[in-house]
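Q: Contents of data26.cif (mmCIF, C-alpha atoms) are below:
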```cif
data_my_file
loop_
_atom_site.label_atom_id
_atom_site.label_comp_id
_atom_site.auth_asym_id
_atom_site.auth_seq_id
_atom_site.Cartn_x
_atom_site.Cartn_y
_atom_site.Cartn_z
CA MET A 21 -24.22 17.60 4.75
CA ARG A 22 -21.10 18.11 6.81
CA ILE A 23 -18.58 15.40 5.98
CA GLY A 24 -15.33 14.43 7.66
CA VAL A 25 -12.44 13.11 5.56
CA LEU A 26 -9.41 11.21 6.86
CA THR A 27 -6.44 9.22 5.54
CA GLY A 28 -5.17 6.33 7.66
CA GLY A 29 -2.30 3.84 7.66
CA GLY A 30 0.78 4.16 5.50
CA ASP A 31 0.79 7.10 3.10
CA CYS A 32 1.05 6.68 -0.66
CA PRO A 33 0.92 8.76 -3.83
CA GLY A 34 -2.67 9.49 -4.88
CA LEU A 35 -4.19 10.30 -1.50
CA ASN A 36 -4.37 13.99 -2.29
CA ALA A 37 -6.06 13.25 -5.61
CA VAL A 38 -8.88 11.49 -3.72
CA ILE A 39 -9.24 14.35 -1.26
CA ARG A 40 -9.34 16.88 -4.10
CA ALA A 41 -12.01 14.95 -6.03
CA VAL A 42 -14.19 14.44 -2.94
CA VAL A 43 -14.09 18.11 -2.03
CA ARG A 44 -14.43 19.54 -5.53
CA LYS A 45 -17.50 17.47 -6.40
CA GLY A 46 -18.91 17.62 -2.90
CA VAL A 47 -18.80 21.40 -2.77
CA GLU A 48 -19.38 22.38 -6.39
CA VAL A 49 -22.00 19.76 -7.35
CA TYR A 50 -23.71 18.87 -4.07
CA GLY A 51 -23.07 21.92 -1.90
CA HIS A 52 -21.70 19.93 1.04
CA ASP A 53 -19.32 21.16 3.72
CA PHE A 54 -16.10 19.33 4.66
CA VAL A 55 -13.87 18.95 7.69
CA GLY A 56 -10.42 17.41 7.42
CA PHE A 57 -9.50 15.06 10.23
CA LYS A 58 -5.74 15.03 10.79
CA ASP A 59 -3.56 11.99 11.45
CA GLY A 60 -5.90 9.17 10.45
CA TRP A 61 -8.33 7.83 13.08
CA ARG A 62 -6.52 9.96 15.67
CA GLY A 63 -8.33 12.94 14.12
CA PRO A 64 -11.90 12.08 15.13
CA LEU A 65 -10.59 10.41 18.30
CA GLU A 66 -8.92 13.62 19.50
CA ALA A 67 -10.93 16.18 17.50
CA LYS A 68 -7.86 17.18 15.45
CA THR A 69 -9.25 19.03 12.44
CA MET A 70 -8.29 21.38 9.64
CA PRO A 71 -10.30 23.37 7.11
CA LEU A 72 -11.05 21.41 3.95
CA GLY A 73 -12.63 23.42 1.19
CA VAL A 74 -11.87 24.13 -2.45
CA PRO A 75 -9.01 26.56 -1.63
CA GLU A 76 -7.30 23.88 0.48
CA VAL A 77 -7.30 21.31 -2.34
CA ARG A 78 -6.02 23.54 -5.13
CA GLY A 79 -2.75 22.30 -6.61
CA ILE A 80 -2.55 19.05 -4.65
CA LEU A 81 -3.33 16.62 -7.51
CA PRO A 82 0.34 15.81 -8.32
CA ARG A 83 1.52 16.00 -4.72
CA GLY A 84 2.53 12.82 -2.90
CA GLY A 85 1.66 11.98 0.68
CA THR A 86 -1.47 13.45 2.24
CA ILE A 87 -2.31 17.00 3.30
CA LEU A 88 -4.35 15.45 6.12
CA ARG A 89 -1.36 13.49 7.45
CA SER A 90 -1.76 9.92 8.63
CA SER A 91 -1.16 7.48 11.49
CA ARG A 92 -1.75 3.86 12.40
CA THR A 93 -4.17 4.71 15.20
CA ASN A 94 -6.85 2.16 16.11
CA PRO A 95 -9.67 3.76 18.16
CA TYR A 96 -10.81 0.32 19.26
CA LYS A 97 -7.47 -0.17 21.04
CA VAL A 98 -7.97 3.01 23.09
CA ASP A 99 -9.95 2.92 26.33
CA GLY A 100 -13.30 4.55 25.63
CA GLY A 101 -12.19 5.20 22.05
CA LEU A 102 -15.55 4.58 20.39
CA ALA A 103 -17.40 6.84 22.84
CA ARG A 104 -14.82 9.62 22.39
CA LEU A 105 -14.99 9.33 18.62
CA ARG A 106 -18.79 9.43 18.63
CA ALA A 107 -18.81 12.46 20.91
CA ASN A 108 -16.31 14.40 18.83
CA VAL A 109 -18.07 13.60 15.56
CA GLY A 110 -21.36 14.71 17.11
CA ASP A 111 -19.94 17.91 18.61
CA LEU A 112 -18.46 18.85 15.23
CA GLY A 113 -21.79 18.28 13.50
CA ILE A 114 -20.37 15.60 11.22
CA ASP A 115 -23.04 13.69 9.28
CA ALA A 116 -20.70 11.11 7.67
CA LEU A 117 -17.08 10.10 7.32
CA ILE A 118 -14.99 9.21 4.27
CA ALA A 119 -12.09 6.97 5.30
CA ILE A 120 -9.25 6.53 2.81
CA GLY A 121 -6.97 3.63 3.67
CA GLY A 122 -6.03 0.00 3.45
CA GLU A 123 -6.95 -3.16 5.31
CA ASP A 124 -6.53 -1.73 8.81
CA THR A 125 -8.16 1.64 8.20
CA LEU A 126 -11.11 0.06 6.42
CA GLY A 127 -11.36 -2.60 9.11
CA VAL A 128 -12.01 0.20 11.62
CA ALA A 129 -14.47 1.76 9.15
CA LYS A 130 -16.38 -1.52 8.99
CA ARG A 131 -16.58 -1.77 12.80
CA LEU A 132 -17.71 1.84 13.06
CA THR A 133 -20.44 1.19 10.51
CA ASP A 134 -21.60 -1.77 12.60
CA ASP A 135 -21.64 0.56 15.61
CA GLY A 136 -23.85 3.08 13.81
CA VAL A 137 -21.29 5.60 12.55
CA PRO A 138 -21.93 6.36 8.83
CA VAL A 139 -18.73 5.70 6.86
CA VAL A 140 -17.78 5.26 3.20
CA GLY A 141 -14.37 3.76 2.39
CA VAL A 142 -11.82 4.37 -0.36
CA PRO A 143 -9.17 1.65 -0.98
CA LYS A 144 -5.56 2.75 -0.67
CA THR A 145 -2.49 0.54 -0.39
CA ILE A 146 0.70 0.23 -2.36
CA ASP A 147 0.52 -3.53 -1.66
CA ASN A 148 -2.59 -3.93 -3.88
CA ASP A 149 -3.85 -6.59 -1.46
CA LEU A 150 -7.49 -5.63 -0.92
CA GLY A 151 -9.58 -8.46 -2.34
CA ALA A 152 -12.69 -6.51 -3.32
CA THR A 153 -10.99 -4.24 -5.86
CA ASP A 154 -8.90 -5.08 -8.93
CA TYR A 155 -6.39 -2.35 -8.12
CA THR A 156 -5.69 0.13 -5.37
CA PHE A 157 -4.12 3.49 -6.11
CA GLY A 158 -0.52 3.85 -4.97
CA PHE A 159 0.41 0.42 -6.33
CA ASP A 160 1.25 1.58 -9.84
CA THR A 161 3.52 4.33 -8.52
CA ALA A 162 5.32 1.96 -6.14
CA VAL A 163 5.91 -0.55 -8.94
CA ASN A 164 7.27 2.13 -11.26
CA ILE A 165 9.66 3.39 -8.57
CA ALA A 166 10.89 -0.15 -7.83
CA SER A 167 11.24 -0.99 -11.53
CA GLU A 168 13.33 2.11 -12.19
CA ALA A 169 15.57 1.24 -9.23
CA ILE A 170 16.08 -2.29 -10.57
CA ASP A 171 16.96 -0.88 -14.00
CA ARG A 172 19.67 1.26 -12.39
CA LEU A 173 21.00 -1.58 -10.25
CA HIS A 174 21.54 -3.84 -13.26
CA THR A 175 24.30 -1.61 -14.60
CA THR A 176 26.18 -1.12 -11.36
CA ALA A 177 25.92 -4.84 -10.56
CA GLU A 178 27.41 -5.74 -13.94
CA SER A 179 30.23 -3.24 -13.51
CA HIS A 180 31.44 -5.00 -10.36
CA HIS A 181 30.35 -8.61 -11.03
CA ARG A 182 28.06 -8.48 -8.01
CA CYS A 183 24.72 -9.92 -7.09
CA VAL A 184 22.23 -7.31 -5.88
CA VAL A 185 19.30 -8.20 -3.64
CA VAL A 186 16.48 -5.63 -3.83
CA GLU A 187 14.07 -5.62 -0.89
CA VAL A 188 10.67 -4.14 -1.68
CA MET A 189 7.56 -3.69 0.42
CA GLY A 190 4.95 -6.43 0.79
CA ARG A 191 4.02 -7.83 4.19
CA HIS A 192 1.63 -10.61 3.21
CA ALA A 193 1.25 -10.08 -0.54
CA GLY A 194 4.02 -10.00 -3.12
CA TRP A 195 2.40 -7.93 -5.84
CA ILE A 196 5.07 -5.20 -5.83
CA ALA A 197 7.86 -7.78 -5.98
CA LEU A 198 6.13 -9.71 -8.76
CA HIS A 199 5.36 -6.71 -10.98
CA SER A 200 8.59 -4.80 -10.43
CA GLY A 201 10.65 -7.98 -10.74
CA LEU A 202 9.05 -8.87 -14.05
CA ALA A 203 9.27 -5.32 -15.37
CA GLY A 204 12.87 -4.96 -14.22
CA GLY A 205 14.13 -8.30 -15.54
CA ALA A 206 14.99 -9.79 -12.14
CA ASN A 207 16.52 -13.25 -12.10
CA VAL A 208 14.72 -14.35 -8.94
CA ILE A 209 11.49 -13.05 -7.36
CA LEU A 210 10.63 -14.05 -3.80
CA VAL A 211 7.18 -13.36 -2.32
CA PRO A 212 5.43 -14.00 1.01
CA GLU A 213 3.01 -16.44 -0.63
CA LYS A 214 5.71 -19.09 -1.18
CA ARG A 215 8.57 -19.92 1.16
CA PHE A 216 11.92 -19.95 -0.61
CA SER A 217 14.89 -22.29 -0.49
CA VAL A 218 18.20 -20.52 0.03
CA SER A 219 20.03 -23.29 -1.84
CA GLU A 220 17.69 -22.88 -4.80
CA VAL A 221 18.23 -19.12 -4.85
CA VAL A 222 21.98 -19.70 -4.68
CA GLY A 223 21.68 -22.07 -7.65
CA TYR A 224 19.88 -19.43 -9.71
CA VAL A 225 22.54 -16.86 -8.80
CA GLU A 226 25.43 -19.15 -9.68
CA SER A 227 23.90 -20.03 -13.05
CA ARG A 228 23.90 -16.34 -13.92
CA PHE A 229 27.47 -15.78 -12.81
CA LYS A 230 28.55 -18.71 -15.02
CA ILE A 231 27.42 -16.80 -18.11
CA ASP A 232 29.16 -13.61 -16.91
CA TYR A 233 25.91 -11.98 -15.89
CA SER A 234 25.27 -10.20 -12.60
CA PRO A 235 22.02 -11.41 -11.06
CA ILE A 236 19.29 -9.30 -9.49
CA VAL A 237 17.15 -10.87 -6.75
CA VAL A 238 13.90 -9.12 -5.79
CA VAL A 239 12.49 -10.08 -2.39
CA ALA A 240 9.35 -8.82 -0.65
CA GLU A 241 9.93 -7.79 2.97
CA GLY A 242 7.51 -10.49 4.14
CA ALA A 243 9.12 -13.37 2.23
CA GLN A 244 10.30 -16.25 4.42
CA PRO A 245 12.96 -18.92 3.96
CA ALA A 246 11.77 -22.52 3.95
CA ALA A 247 13.58 -23.13 7.22
CA GLY A 248 13.15 -19.99 9.30
CA GLU A 249 10.88 -17.16 10.31
CA MET A 250 9.93 -13.78 8.89
CA VAL A 251 12.77 -11.29 9.41
CA THR A 252 11.68 -8.37 11.59
CA GLN A 253 13.36 -5.24 12.90
CA ASN A 254 11.94 -5.82 16.38
CA LYS A 255 9.23 -7.82 18.11
CA GLY A 256 7.03 -4.85 19.01
CA LEU A 257 3.50 -4.63 17.62
CA ASP A 258 1.59 -1.59 16.39
CA SER A 259 -2.05 -0.93 17.32
CA PHE A 260 -3.20 -3.31 14.58
CA GLY A 261 -0.95 -6.14 15.77
CA HIS A 262 1.73 -5.85 13.06
CA VAL A 263 5.44 -6.33 13.61
CA ARG A 264 7.88 -3.99 11.90
CA LEU A 265 9.38 -5.84 8.96
CA GLY A 266 12.71 -5.30 7.25
CA GLY A 267 16.03 -7.08 6.96
CA VAL A 268 15.33 -10.10 4.79
CA GLY A 269 17.23 -8.47 1.91
CA GLN A 270 20.44 -8.09 3.90
CA TRP A 271 20.06 -11.56 5.43
CA LEU A 272 19.63 -13.14 2.00
CA SER A 273 22.49 -11.12 0.52
CA ASP A 274 24.80 -12.41 3.26
CA GLU A 275 23.67 -15.98 2.59
CA ILE A 276 24.32 -15.61 -1.14
CA GLU A 277 27.80 -14.20 -0.61
CA LYS A 278 28.65 -16.92 1.91
CA ASN A 279 27.48 -19.73 -0.38
CA THR A 280 28.78 -18.43 -3.72
CA GLY A 281 31.96 -16.61 -2.77
CA LYS A 282 30.78 -13.73 -4.94
CA GLU A 283 30.15 -10.20 -3.74
CA SER A 284 26.53 -9.44 -2.95
CA ARG A 285 24.87 -6.20 -1.93
CA ALA A 286 21.43 -5.51 -0.47
CA VAL A 287 19.35 -2.47 -1.41
CA VAL A 288 16.27 -1.70 0.67
CA LEU A 289 13.88 0.61 -1.19
CA GLY A 290 11.63 1.05 1.84
CA HIS A 291 9.65 4.27 1.99
CA VAL A 292 11.06 5.52 -1.31
CA GLN A 293 8.26 3.38 -2.80
CA ARG A 294 5.65 5.43 -0.92
CA GLY A 295 6.97 8.88 -1.69
CA GLY A 296 6.89 11.38 -4.49
CA THR A 297 4.43 12.27 -7.19
CA PRO A 298 1.84 9.69 -8.30
CA THR A 299 1.81 8.22 -11.78
CA ALA A 300 -0.87 9.32 -14.23
CA TYR A 301 -2.67 5.99 -13.69
CA ASP A 302 -2.81 6.48 -9.92
CA ARG A 303 -3.96 10.10 -10.29
CA VAL A 304 -6.86 9.04 -12.52
CA LEU A 305 -7.85 6.03 -10.40
CA ALA A 306 -7.68 8.02 -7.16
CA THR A 307 -9.72 10.83 -8.70
CA ARG A 308 -12.42 8.40 -9.87
CA PHE A 309 -12.53 6.78 -6.44
CA GLY A 310 -13.03 10.20 -4.85
CA LEU A 311 -15.83 11.17 -7.22
CA HIS A 312 -17.71 7.92 -6.58
CA ALA A 313 -17.11 8.05 -2.83
CA ILE A 314 -18.84 11.42 -2.48
CA ASP A 315 -21.70 10.09 -4.61
CA ALA A 316 -22.16 7.24 -2.12
CA VAL A 317 -22.17 9.64 0.83
CA HIS A 318 -24.62 11.98 -0.88
CA GLU A 319 -26.96 9.06 -1.52
CA GLY A 320 -26.63 7.81 2.06
CA ASP A 321 -25.14 4.51 0.92
CA PHE A 322 -22.97 3.94 3.97
CA GLY A 323 -20.98 0.87 4.97
CA LYS A 324 -19.63 0.68 1.43
CA MET A 325 -16.24 0.95 -0.25
CA VAL A 326 -15.72 2.12 -3.81
CA ALA A 327 -13.84 -0.46 -5.89
CA LEU A 328 -12.43 -0.97 -9.37
CA ARG A 329 -13.91 -3.88 -11.31
CA GLY A 330 -12.56 -4.00 -14.84
CA THR A 331 -12.78 -0.35 -15.84
CA ASP A 332 -15.88 0.41 -13.76
CA ILE A 333 -16.07 1.89 -10.28
CA VAL A 334 -18.57 -0.04 -8.17
CA ARG A 335 -19.60 -0.15 -4.51
CA VAL A 336 -18.98 -3.15 -2.28
CA ASN A 337 -19.77 -3.77 1.37
CA LEU A 338 -16.95 -2.88 3.73
CA ALA A 339 -17.31 -6.39 5.13
CA GLU A 340 -16.43 -7.78 1.71
CA ALA A 341 -13.59 -5.31 1.27
CA THR A 342 -11.86 -6.46 4.45
CA ALA A 343 -12.84 -10.15 4.43
CA GLU A 344 -9.59 -11.46 2.96
CA LEU A 345 -6.35 -10.27 1.45
CA LYS A 346 -5.69 -10.57 -2.28
CA THR A 347 -2.45 -12.50 -2.54
CA VAL A 348 -0.36 -13.57 -5.53
CA PRO A 349 -1.82 -16.83 -6.91
CA ALA A 350 0.48 -19.74 -7.72
CA GLU A 351 -0.16 -19.44 -11.45
CA ARG A 352 1.04 -15.81 -11.51
CA LEU A 353 4.25 -16.73 -9.74
CA ALA A 354 4.70 -19.65 -12.13
CA GLU A 355 4.66 -17.20 -15.04
CA ALA A 356 7.55 -15.32 -13.48
CA GLU A 357 9.52 -18.49 -12.67
CA VAL A 358 10.15 -18.99 -16.39
CA PHE A 359 12.75 -16.21 -16.10
CA PHE A 360 14.45 -17.44 -12.90
CA GLY A 361 18.10 -18.38 -13.08
#
```
For this file, produce the structure as structure tokens.
A:
Amino acid sequence: MRIGVLTGGGDCPGLNAVIRAVVRKGVEVYGHDFVGFKDGWRGPLEAKTMPLGVPEVRGILPRGGTILRSSRTNPYKVDGGLARLRANVGDLGIDALIAIGGEDTLGVAKRLTDDGVPVVGVPKTIDNDLGATDYTFGFDTAVNIASEAIDRLHTTAESHHRCVVVEVMGRHAGWIALHSGLAGGANVILVPEKRFSVSEVVGYVESRFKIDYSPIVVVAEGAQPAAGEMVTQNKGLDSFGHVRLGGVGQWLSDEIEKNTGKESRAVVLGHVQRGGTPTAYDRVLATRFGLHAIDAVHEGDFGKMVALRGTDIVRVNLAEATAELKTVPAERLAEAEVFFG
């Protein structure tokens, strides 16, 4: 078989580990041929390719990002996009596609499967918000990066008697905020799943200052105040209908300083969470996903996504994978609230 591989959406550590596993097993065990599509779904849409054999994947296991590059391209938002994609895939002699991505990338994969294009999906998102898999690779690395940053901020906050608000990624799901906040000993954790009261946050902060302790507040970028809207950088939408988030950390920091009279600083981790070398956990998980993805393609089991259930890698329908987001349940947030204030 001749198989196309692409990585779509936001990058994250572990993508190269998937690519390496797919190619190594695909070539050395099954004898398949591979084509790398560059820049996500823009690759098959515009016939942007690169060689993808064993030589190309040597040494990429610990490397962050993706050698195939990525984009947030949606072929269904381009006039004649499906026809162009079909034509390019056919002209290149591609028998199947492996799409590595999150909700948006796999949503396109599901639609393509419905339209007769053979696709197998691999779940990738630092947000860990795909409902059909227990974990996505990239999440563990992002949490470790955020936790280390929080550890460092504790000491500088204490040195200056300041509050520090740490803004982490998480549009609709607060898993990074929850895990990094718990691991880093944050005094308040704010997630998109539950609107927050500024006065309540201020109360938690003041209670810490009273015991001569400098509080750390962790807030997901998609968290919203009880009276107000999601803070965005602008009102423009990408091809999947998403606004560009960012700014809630600074907004909240200003509110805390105004209401407490104490210095407050905002730190936005942003794309630092996406970059750099993947953790050992993410390397192993991504590698296993890649091995099982090429098995599915070899067996002609299209329209599926590989997923982690417990410690096993299973296959689920792409429709199930993209049906709903996995958000932080109330009981998990309640566990963290024990440490607030």
Q: Could you tell me which of A:Thr69, A:Thr342, A:Ser284, A:Thr299 comes closest to Arg182 in chain A if we count all atoms listed in the file?
A: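 Closest to Arg182 in chain A of all the choices is A:Ser284.
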Q: Using the chain letters and numbers from the file, which residues does the PyMOL selection byres ((chain A and resi 332) around 12) grab, as a PDB file with C-alpha atoms, in the frame of the given file?
A:
```pdb
ATOM      1  CA  THR A 153     -10.990  -4.240  -5.860  1.00  0.00           C
ATOM      2  CA  ASP A 154      -8.900  -5.080  -8.930  1.00  0.00           C
ATOM      3  CA  TYR A 155      -6.390  -2.350  -8.120  1.00  0.00           C
ATOM      4  CA  LEU A 305      -7.850   6.030 -10.400  1.00  0.00           C
ATOM      5  CA  ARG A 308     -12.420   8.400  -9.870  1.00  0.00           C
ATOM      6  CA  PHE A 309     -12.530   6.780  -6.440  1.00  0.00           C
ATOM      7  CA  HIS A 312     -17.710   7.920  -6.580  1.00  0.00           C
ATOM      8  CA  VAL A 326     -15.720   2.120  -3.810  1.00  0.00           C
ATOM      9  CA  ALA A 327     -13.840  -0.460  -5.890  1.00  0.00           C
ATOM     10  CA  LEU A 328     -12.430  -0.970  -9.370  1.00  0.00           C
ATOM     11  CA  ARG A 329     -13.910  -3.880 -11.310  1.00  0.00           C
ATOM     12  CA  GLY A 330     -12.560  -4.000 -14.840  1.00  0.00           C
ATOM     13  CA  THR A 331     -12.780  -0.350 -15.840  1.00  0.00           C
ATOM     14  CA  ILE A 333     -16.070   1.890 -10.280  1.00  0.00           C
ATOM     15  CA  VAL A 334     -18.570  -0.040  -8.170  1.00  0.00           C
ATOM     16  CA  ARG A 335     -19.600  -0.150  -4.510  1.00  0.00           C
TER      17      ARG A 335
END
```
Q: Identify all residues satisfying the PyMOL selection byres ((chain A and resi 209-221) around 6) in the given file; provide them as a list in words.
A: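 What the PyMOL selection byres ((chain A and resi 209-221) around 6) grabs from the file is His192, Ala193, Gly194, Val208, Val222, Gly223, Tyr224, Val238, Val239, Ala240, Gly242, Ala243, Gln244, Pro245 and Ala246 of chain A.
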Q: Write a file of the selected residues as a PDB file, in the coordinates of the input, keeping C-alpha atoms.
A:
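Printed below is selection04.pdb as written:
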```pdb
ATOM      1  CA  HIS A 192       1.630 -10.610   3.210  1.00  0.00           C
ATOM      2  CA  ALA A 193       1.250 -10.080  -0.540  1.00  0.00           C
ATOM      3  CA  GLY A 194       4.020 -10.000  -3.120  1.00  0.00           C
ATOM      4  CA  VAL A 208      14.720 -14.350  -8.940  1.00  0.00           C
ATOM      5  CA  VAL A 222      21.980 -19.700  -4.680  1.00  0.00           C
ATOM      6  CA  GLY A 223      21.680 -22.070  -7.650  1.00  0.00           C
ATOM      7  CA  TYR A 224      19.880 -19.430  -9.710  1.00  0.00           C
ATOM      8  CA  VAL A 238      13.900  -9.120  -5.790  1.00  0.00           C
ATOM      9  CA  VAL A 239      12.490 -10.080  -2.390  1.00  0.00           C
ATOM     10  CA  ALA A 240       9.350  -8.820  -0.650  1.00  0.00           C
ATOM     11  CA  GLY A 242       7.510 -10.490   4.140  1.00  0.00           C
ATOM     12  CA  ALA A 243       9.120 -13.370   2.230  1.00  0.00           C
ATOM     13  CA  GLN A 244      10.300 -16.250   4.420  1.00  0.00           C
ATOM     14  CA  PRO A 245      12.960 -18.920   3.960  1.00  0.00           C
ATOM     15  CA  ALA A 246      11.770 -22.520   3.950  1.00  0.00           C
TER      16      ALA A 246
END
```
Q: Expressed in Å to a single decimal, how great is the separation between CA of Gly121 in chain A and CA of Pro143 in chain A?
A: 5.5 Å
Q: Have a look at A:Ala119, A:Ala107, A:Val185, A:Ile114 and name the one nearest to His52 in chain A; count only C-alpha atoms.
A: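 Going through A:Ala119, A:Ala107, A:Val185, A:Ile114 one by one, the smallest distance to His52 in chain A is for A:Ile114.
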Q: Can you turn the PyMOL selection byres ((chain A and resi 62) around 12) into a concrete residue list for this file, as a PyMOL selection string?
A: chain A and resi 26-29+56-61+63-69+88-98+101-102+104-105+108+125+128+259
Q: Can you tell me how far CA of Pro349 in chain A sits from CA of Leu198 in chain A, in Å to one decimal?
A: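 Computing it gives 10.8 Å between the two atoms.
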Q: State, in Å with one decimal place, the distance from CA of Leu311 in chain A to CA of Arg44 in chain A.
A: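 Between these atoms lies a distance of 8.7 Å.
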Q: Please determine, counting all atoms listed in the file, which residue among A:Ala169, A:Ile80, A:Ala313, A:Met21 has the shortest atom-to-atom distance to Val55 in chain A.
A: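 The shortest atom-to-atom distance to Val55 in chain A comes from A:Met21.
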Q: Determine, counting all atoms listed in the file, which protein, DNA and RNA residues have an atom within 10 Å of an atom of Phe360 in chain A; residues of the same chain fewer than 2 positions away are not included. Present the result as an NGL selection string.
A: :A and (205-209 or 221 or 224-225 or 227-228 or 235 or 237 or 356-358)
Q: Only C-alpha atoms, please: the residues just picked out, written as a short mmCIF file (atom, residue, chain, number, x, y, z; two decimals), keeping the file's coordinate frame.
A:
```
data_model
loop_
_atom_site.label_atom_id
_atom_site.label_comp_id
_atom_site.auth_asym_id
_atom_site.auth_seq_id
_atom_site.Cartn_x
_atom_site.Cartn_y
_atom_site.Cartn_z
CA GLY A 205 14.13 -8.30 -15.54
CA ALA A 206 14.99 -9.79 -12.14
CA ASN A 207 16.52 -13.25 -12.10
CA VAL A 208 14.72 -14.35 -8.94
CA ILE A 209 11.49 -13.05 -7.36
CA VAL A 221 18.23 -19.12 -4.85
CA TYR A 224 19.88 -19.43 -9.71
CA VAL A 225 22.54 -16.86 -8.80
CA SER A 227 23.90 -20.03 -13.05
CA ARG A 228 23.90 -16.34 -13.92
CA PRO A 235 22.02 -11.41 -11.06
CA VAL A 237 17.15 -10.87 -6.75
CA ALA A 356 7.55 -15.32 -13.48
CA GLU A 357 9.52 -18.49 -12.67
CA VAL A 358 10.15 -18.99 -16.39
#
```
Q: Contacts of Phe54 in chain A at 12 Å or less, counting all atoms listed in the file, minus same-chain residues fewer than 5 places along, as a VMD selection string?
A: chain A and resid 21 to 26 39 to 40 42 to 48 69 to 77 112 to 118 314
Q: Restricted to C-alpha atoms, what would the selected residues look like written as an mmCIF file, keeping the file's coordinate frame?
A:
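Contents of the output file part_27.cif:
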```cif
data_model
loop_
_atom_site.group_PDB
_atom_site.id
_atom_site.type_symbol
_atom_site.label_atom_id
_atom_site.label_comp_id
_atom_site.auth_asym_id
_atom_site.auth_seq_id
_atom_site.Cartn_x
_atom_site.Cartn_y
_atom_site.Cartn_z
ATOM 1 C CA MET A 21 -24.220 17.600 4.750
ATOM 2 C CA ARG A 22 -21.100 18.110 6.810
ATOM 3 C CA ILE A 23 -18.580 15.400 5.980
ATOM 4 C CA GLY A 24 -15.330 14.430 7.660
ATOM 5 C CA VAL A 25 -12.440 13.110 5.560
ATOM 6 C CA LEU A 26 -9.410 11.210 6.860
ATOM 7 C CA ILE A 39 -9.240 14.350 -1.260
ATOM 8 C CA ARG A 40 -9.340 16.880 -4.100
ATOM 9 C CA VAL A 42 -14.190 14.440 -2.940
ATOM 10 C CA VAL A 43 -14.090 18.110 -2.030
ATOM 11 C CA ARG A 44 -14.430 19.540 -5.530
ATOM 12 C CA LYS A 45 -17.500 17.470 -6.400
ATOM 13 C CA GLY A 46 -18.910 17.620 -2.900
ATOM 14 C CA VAL A 47 -18.800 21.400 -2.770
ATOM 15 C CA GLU A 48 -19.380 22.380 -6.390
ATOM 16 C CA THR A 69 -9.250 19.030 12.440
ATOM 17 C CA MET A 70 -8.290 21.380 9.640
ATOM 18 C CA PRO A 71 -10.300 23.370 7.110
ATOM 19 C CA LEU A 72 -11.050 21.410 3.950
ATOM 20 C CA GLY A 73 -12.630 23.420 1.190
ATOM 21 C CA VAL A 74 -11.870 24.130 -2.450
ATOM 22 C CA PRO A 75 -9.010 26.560 -1.630
ATOM 23 C CA GLU A 76 -7.300 23.880 0.480
ATOM 24 C CA VAL A 77 -7.300 21.310 -2.340
ATOM 25 C CA LEU A 112 -18.460 18.850 15.230
ATOM 26 C CA GLY A 113 -21.790 18.280 13.500
ATOM 27 C CA ILE A 114 -20.370 15.600 11.220
ATOM 28 C CA ASP A 115 -23.040 13.690 9.280
ATOM 29 C CA ALA A 116 -20.700 11.110 7.670
ATOM 30 C CA LEU A 117 -17.080 10.100 7.320
ATOM 31 C CA ILE A 118 -14.990 9.210 4.270
ATOM 32 C CA ILE A 314 -18.840 11.420 -2.480
#
```
Q: I'd like to know which of A:Ser179, A:Thr86, A:Gln293, A:Thr280 is closest to Ala166 in chain A, using only C-alpha atoms.
A: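 Distance minimum relative to Ala166 in chain A lands on A:Gln293.
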Q: Near Ser273 in chain A, counting all atoms listed in the file, which residues have an atom at most 8 Å away, once you skip same-chain residues fewer than 4 positions from it, shown as a list of chain:residue names?
A: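 Contacts, in chain order: A:Val184, A:Val185, A:Gly269, A:Glu277, A:Ser284, A:Arg285, A:Ala286.
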